[in-house]
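S.K.: Before anything else, here's the structure in question.
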Amino acid sequence: MNNINFWLTHFEKSGMTESPNYENSIKYFQKFQEKTPFVKIKTIGHSHQNREIKVVIVSKDKIFNPAEAKKKGKSVILIQNCIHSGEVEGKDACMLMLREMLISKEKEDLLENVILLIIPVINVDGHERRSPFNRPNQNGPKQMGWRTNALNLNLNRDYLKAESNEIKAFLSLFNEWLPDFFIDNHTTNGADYQYHITYGIPTHQNLDINLVSFVKSKFLPYMISKVEEDGFIVGPYMDFKRGTIESGILDLAAPPRLSHGYCAAQNRIGLLVETHSLKPFENRVFSTKSMMEHTIKFISENSYQLMSLNKEADYNPTKTYLLEKKKFPLVLTESGKYDTYKFKGYEWYEEYSSIIGGIVRKYTKNPIEIDIPLFNQCKSKVKISVPKAYLIPIEYKFVIDKLKLHNVKIFKSNTTTTLEVERYRFANVTFANRPYEGKHQPSFTVELFKEKKQIDKNFFIVPTNQRVLRIIIHLLEPEGVDSLVKWGFFNHIFERKEYAEAYVMEPIAQQMLKNDPELRNEFKKKCEIESFCNNPFERLDFFYTRSPFFDKNENVYPIMRVNYFHNKLKLVPYRDKY
């Protein structure tokens, strides 16, 4: 079993310049299952091209199901590779890491208090779209996969809206195990600099405050120092404010469409690992391996504390936003405040290019250190009061299907009653000129209003008193950056389906003016605005939208908010399969 050649990876056999295709990648991981009792490999779903998506479960105690893991008090670490399948080094690093844990045993102590769930390749279809030309900014391997899945969707924008088979498979695994820590391995491009590996991790209002403290005071100092002891220069993820180094680094809250932002919404720490594409493939594999190993060691040594903090984090949103009635920070943005960061880069110069007819920045290999801003504080751009529940009309069952993917509990009423509800009315609606992830995203403003509504079995009821409160809010509150409204799933409510011709509406408008002095004054005041006064359509629309003929559902959000229930309203769990 310890034969050296038998356990050499394709990466090593190629002189550390290649990564194997999907079939051979899985075959290597299957060796661990065949030769040791500590590994089980399961299929968690299928891609759009019907390839199997696998998870490798690693446990020194032979615990291969979440119930037993919880009973034994083991921390569960979920490691995801190849969501962008050109960024492949995490997969090869996992092969090397498991060999040292399970075969040579030099690092078996890392498994003492943890169970590993490793997804070798999540974007399996993209992984098999192999070419040496898929990433022009990247230094190897010789063949690499493609960024998107078979439907040309960027899976690392899909965690909340969950349209792809791949992310649905991920969510199924996540819900089944509810991991204590998440690692997502990537490669980044952009400016050239000295850093071998960078990280992104929640340290803002989108994550439980106690977990943030754990990250900032304990995990990051440990992880950074240990990885640098291994010879790799570590820095924060290099998201430059205006695309240039000197403009400073944005270290802000990741939205829940992204892996580590999604984990924050699930009350969990997610570590984004980003090697640098210009570094040799060998360097990228080993720096990823280093960051994973030291993270696993830290979690193993702090397992009990992390699990306790996670348990509190699952309860705290309900306590904070429902019992204490604090407002929920729905949209976080840069505060303008920053720290000074000593950036380790390379000297650059700018040169005119006749090809592009402009200036191109070019980098030397002369190392420099310069002070630049690190924008690492967020402020709440939009805050909302969290309702007791959301009411979803039965015709919008697709919303329920989305919520269930995230393990949200759904109810229905077995009685009929009338409740006061809150609803959103949209105004100033515009649409993006180009699609983003296949969606034409709307922009708008909202106004909250109240009305009485009869609630019966034709409504789904989604209480917010749940562990996944943050997920519910981000999906259902329209102003959320990754809400179903912002992703274009409700674009139909912005469409007008009936119109009034001028020759029909004009006499009605005359009568409306005659009968309503307030309307007359309002119209007169609107006519003082030149753009309105000179626009016959807007003048006619002024009356149409105030007439009985206007569709009262236009620009009104069909999902309602409820702040109290009558005692007679009886909720029963909704158990439709999905």
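Starting from 1 in every chain, residues are counted up; chains themselves are A, B, ... following the order of the structure tokens, and ligands are numbered from 1 as listed.
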Based on DSSP run over this structure's backbone, return all residues of range 313-389 of chain A in alpha helix (DSSP H), as a PyMOL selection string.
M.R.: chain A and resi 313-318
S.K.: Could you save the residues just selected, with N, CA, C and O atoms, as a tab-separated table (two decimals), in the first residue's frame?
M.R.:
chain	number	residue	atom	x	y	z
A	313	ALA	N	-24.38	31.09	17.11
A	313	ALA	CA	-24.64	31.88	15.90
A	313	ALA	C	-25.95	31.47	15.23
A	313	ALA	O	-26.60	32.29	14.58
A	314	ASP	N	-26.35	30.21	15.38
A	314	ASP	CA	-27.61	29.76	14.81
A	314	ASP	C	-28.81	30.35	15.55
A	314	ASP	O	-29.89	30.50	14.98
A	315	TYR	N	-28.63	30.67	16.81
A	315	TYR	CA	-29.72	31.24	17.61
A	315	TYR	C	-29.72	32.76	17.58
A	315	TYR	O	-30.78	33.39	17.63
A	316	ASN	N	-28.55	33.36	17.47
A	316	ASN	CA	-28.42	34.81	17.65
A	316	ASN	C	-29.24	35.67	16.68
A	316	ASN	O	-29.75	36.72	17.08
A	317	PRO	N	-29.40	35.31	15.40
A	317	PRO	CA	-30.22	36.16	14.53
A	317	PRO	C	-31.66	36.32	15.02
A	317	PRO	O	-32.23	37.40	14.98
A	318	THR	N	-32.25	35.22	15.50
A	318	THR	CA	-33.60	35.29	16.05
A	318	THR	C	-33.62	36.20	17.28
A	318	THR	O	-34.50	37.06	17.42
S.K.: If we count only C-alpha atoms, what is near Glu350 in chain A at a cut-off of 9 Å, once residues fewer than 6 positions away on the same chain are taken out, given as a list in words?
M.R.: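 The filter keeps Ile359, Val360, Arg361, Lys362 and Tyr363 of chain A.
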S.K.: In terms of the shortest atom-to-atom distance over only C-alpha atoms, which of A:Ser164, A:Asn206, A:Thr275, A:Thr464 is closest to Tyr237 in chain A?
M.R.: A:Thr275
S.K.: For the atom pair CA of Glu112 in chain A and CA of Gln305 in chain A, what is the interatomic distance in Å to one decimal place?
M.R.: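 These atoms are spaced 15.2 Å apart.
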S.K.: Taking 3 positions as the minimum chain separation for residues in the same chain, which residues sit within 10 Å of range 484-499 of chain A when counting only C-alpha atoms? Answer as a PyMOL selection string.
M.R.: chain A and resi 160-161+396+398-399+402+426-427+429-431+436-444+474-481+502+505+541+544+549-551+553-558
S.K.: Could you check how far CA of Glu23 in chain A sits from CA of Arg51 in chain A, in Å to one decimal?
M.R.: 10.1 Å
S.K.: Report the distance between CA of Ala509 in chain A and CA of Phe543 in chain A in Å, rounded to one decimal place.
M.R.: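 Distance reported for this atom pair: 5.8 Å.
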S.K.: Restricting the calculation to only C-alpha atoms, which member of A:Leu405, A:Leu211, A:Leu155, A:Leu448 is positioned closest to Ser172 in chain A?
M.R.: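 Nearest to Ser172 in chain A: A:Leu405.
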